[in-house]
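A.B. asks: Below is the structure I would like to discuss, written out as C-alpha cells.
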Amino acid sequence: MKTVLLTGASGFLGGNFCKMYAQEFIIYAAYLNHAISLPNISPIKIDLTNSEELNKLFSETRFDHIIHLAASSDPNFCELNPLIAYNNNVVATKNLAHICQSQKIPLLFASTDLVFDGENAPYKETDSLKPIMKYGRQKAEAEQIVRELNPAKNIICRLPLLYGNSYNNGKSFLQPILQKLENQEPVYLFTDEYRTVCSARPVCEGIKLLIEHNQKGIFHLGGNERLSRYEMGEIICDIYGYDKKYLKPSFQKDVKMPALRPRDVSLDNTKMRNLGWQPGLFADELLKLKEERIFQA
C-alpha cells in the first residue's frame, strides 16, 4: 500500500477521506488543534507553518503522496484574520511544496472555486483567476506556488461547496440546515448565489483517482448541477421530508458580510468526467446520505 500524508485530517473533507480509504492507503493524518479519532490511521500533530517540524517529519518517514487539504477556509475568518489565514493557506502550502520538490514527492493541493470572480461561469481549468476576497486571493497565491514547484508531479484540485457526513470536528453546510429544519426554525438561503455543489464521497473518489493514475495539473471537482443555495434547500426538504415553508429566500446584496461573495462560481468538470469520474446529482447523493443516517435530530 502507498503511504500518504494527509493534512487537514480533522476537517470535513479530510475526515471523509480517512474514513473511506484507511484500508487502501497507509494514512498519516496530520492535524494541529483538533485530535483525530478514526480507525486504521496514524495521527500526527504538526504545525505546517513550522518548516523545522516538517523537515523532521519528512526525514523520519517516506511518503508516496501528499494530500494537502488543511486550510483556513471560512472566507469571513480570512477577511478578519488575514495574517493567521495567510500562514495557514499560503505559508503552509509553500513549506510542503518545497519539501515535495526536494524529495520529488507528488503533492495534491486542494484549492477552491472562490479563486474566480463569479462573472463568467461555468469556469474551466484554463480560465483566469480573479478572486474578490482574501481567502480566494490566498488560495490563488498558493496555487501559483504549487504550479511553479515540481510541476511534473503536482495536482491542483479546485473544489466547490461540499456536503456530506461529518467526522471529528468537520462539518458541511448540510448539518446546520437540517438542524434548523428539524427545530422548525427559518433557514435563510441565497437565491442569487450559484455553486456546483458536490458530496464529499465523489470528491474523495476523484482525489484517489488522480493520485492513483499519476495525473498532474489542474482539475475541477465540481458537481454536475448549477444550483442556488435556495434550490439546494428545496431539494434537501424534498429528500428529508421537511416543510419548505421554513425556507426563506434572501439576496447577497442584503446581507453584509466581511468577505465579498461571487455570484456564480460554477465549475466545468468535463476534464474530470473524461477520466471516468462520476459525481452524481445532488438529490441522489442526499438519498445515499439519508440511507447512511447522516445527521437527523
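Chain identifiers are assigned as A, B, and so on, following the order in which chains appear in the C-alpha cells; residues are numbered from 1 within each chain, and ligands are numbered from 1 in order of appearance.
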Among region 83-285 of chain A, which ones does DSSP assign to helix (DSSP H, G or I) (computed from the backbone)? Answer as an MDAnalysis selection string.

C.D. replies: chainID A and resid 83:103 113:115 134:148 174:182 200:212 229:240 244:246 252:254 270:273 282:285

A.B. asks: Just the strand (DSSP E or B) stuff from region 77-289 of chain A, please, per backbone DSSP, written as a ChimeraX atom specification.

C.D. replies: /A:107-112,123,155-159,162-163,187-190,194-195,198-199,217-220,227-228,247-250,264,267

A.B. asks: Report as a ChimeraX atom specification all protein, DNA and RNA residues lying within 12 Å of Cys198 (chain A), evaluated on only C-alpha atoms, omitting residues in the same chain fewer than 3 positions from it.

C.D. replies: /A:13,113,158-164,172-174,195,201-206,220-227,232,266-267,269,278-286

A.B. asks: For a test of reading the model, state the distance in Å between CA of Leu209 (chain A) and CA of Glu148 (chain A), rounded to one decimal.

C.D. replies: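 It comes out at 23.0 Å.
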
A.B. asks: Give me, as a PyMOL selection string, all polymer residues having an atom no more than 12 Å from Leu57 (chain A), counting only C-alpha atoms and skipping those fewer than 4 positions away in the same chain.

C.D. replies: chain A and resi 5+28+30+44-48+50-53+61-63+96+99

A.B. asks: What's the 12 Å shell around Leu80 (chain A), counting only C-alpha atoms, without same-chain residues fewer than 2 positions away, as a ChimeraX atom specification?

C.D. replies: /A:72,74-78,82-86,133-135,257-259

A.B. asks: Using CA of Gly276 (chain A) and CA of Lys2 (chain A) as the two end points, give the distance in Å to one decimal.

C.D. replies: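 CA of Lys2 (chain A) lies at a distance of 21.9 Å from CA of Gly276 (chain A).
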
A.B. asks: What is the CA of Asn120 (chain A)-CA of Ser228 (chain A) distance in Å, reported with one decimal?

C.D. replies: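 Interatomic distance, CA of Asn120 (chain A) to CA of Ser228 (chain A): 15.8 Å.
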
A.B. asks: Using only C-alpha atoms, which protein or nucleic acid residues come within 10 Å of Ala29 (chain A)? Drop anything in the same chain fewer than 4 positions from it, and give the result as a list in words.

C.D. replies: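 That gives Val4, Leu5, Leu6, Thr7, Gly8, Ala9, Ser10, Gly14, Gly15, Cys18, Ala35, Ile36, Leu38, Ile41, Ser42, Pro43, Ile44, Lys45, Ile46 and Ile67 of chain A.
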
A.B. asks: Keeping C-alpha atoms for every residue in the selection just given, could you write it to a file as a tab-separated table (two decimals), in the first residue's frame?

C.D. replies:
```tsv
chain	number	residue	atom	x	y	z
A	4	VAL	CA	0.09	9.12	2.27
A	5	LEU	CA	0.47	12.23	4.39
A	6	LEU	CA	-2.99	13.81	4.62
A	7	THR	CA	-3.13	17.33	6.05
A	8	GLY	CA	-6.35	18.75	7.47
A	9	ALA	CA	-7.35	15.29	8.65
A	10	SER	CA	-9.53	16.72	11.42
A	14	GLY	CA	-10.01	15.05	5.48
A	15	GLY	CA	-12.21	13.10	7.87
A	18	CYS	CA	-9.66	8.88	6.16
A	35	ALA	CA	-7.18	15.49	17.83
A	36	ILE	CA	-8.33	12.74	15.46
A	38	LEU	CA	-10.56	7.31	13.41
A	41	ILE	CA	-4.83	5.80	10.64
A	42	SER	CA	-1.71	7.27	12.27
A	43	PRO	CA	-2.46	10.73	13.72
A	44	ILE	CA	0.36	13.29	13.66
A	45	LYS	CA	0.15	16.62	15.46
A	46	ILE	CA	2.19	19.10	13.45
A	67	ILE	CA	-2.71	15.27	0.03
```

A.B. asks: What's the 10 Å shell around Ile155 (chain A), counting only C-alpha atoms, without same-chain residues fewer than 2 positions away, as a PyMOL selection string?

C.D. replies: chain A and resi 67+106-110+143+146-147+150-153+157-158+207+210-211+214-219

A.B. asks: May I have the selected residues written with C-alpha atoms, as an mmCIF file, in the first residue's frame?

C.D. replies:
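To be explicit, this is the file written out as result_34.cif:
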```
data_model
loop_
_atom_site.group_PDB
_atom_site.id
_atom_site.type_symbol
_atom_site.label_atom_id
_atom_site.label_comp_id
_atom_site.auth_asym_id
_atom_site.auth_seq_id
_atom_site.Cartn_x
_atom_site.Cartn_y
_atom_site.Cartn_z
ATOM 1 C CA ILE A 67 -2.712 15.269 0.030
ATOM 2 C CA PRO A 106 3.737 14.286 -5.719
ATOM 3 C CA LEU A 107 1.655 16.945 -3.976
ATOM 4 C CA LEU A 108 -2.113 17.240 -4.365
ATOM 5 C CA PHE A 109 -3.309 20.679 -3.272
ATOM 6 C CA ALA A 110 -6.972 21.426 -2.559
ATOM 7 C CA GLU A 143 -1.851 27.637 -6.461
ATOM 8 C CA VAL A 146 2.320 24.683 -6.344
ATOM 9 C CA ARG A 147 2.354 25.218 -10.122
ATOM 10 C CA ASN A 150 7.557 20.317 -9.090
ATOM 11 C CA PRO A 151 5.015 20.884 -11.912
ATOM 12 C CA ALA A 152 5.658 17.448 -13.404
ATOM 13 C CA LYS A 153 4.122 15.804 -10.328
ATOM 14 C CA CYS A 157 -7.975 20.341 -7.268
ATOM 15 C CA ARG A 158 -10.421 23.223 -7.252
ATOM 16 C CA ILE A 207 -8.742 12.636 -5.364
ATOM 17 C CA LEU A 210 -5.981 11.439 -9.638
ATOM 18 C CA ILE A 211 -3.188 10.195 -7.391
ATOM 19 C CA ASN A 214 -0.355 9.801 -11.597
ATOM 20 C CA GLN A 215 -2.150 12.831 -13.008
ATOM 21 C CA LYS A 216 -0.692 16.340 -12.941
ATOM 22 C CA GLY A 217 -2.072 19.826 -13.465
ATOM 23 C CA ILE A 218 -5.375 21.478 -12.538
ATOM 24 C CA PHE A 219 -8.728 19.693 -12.165
#
```
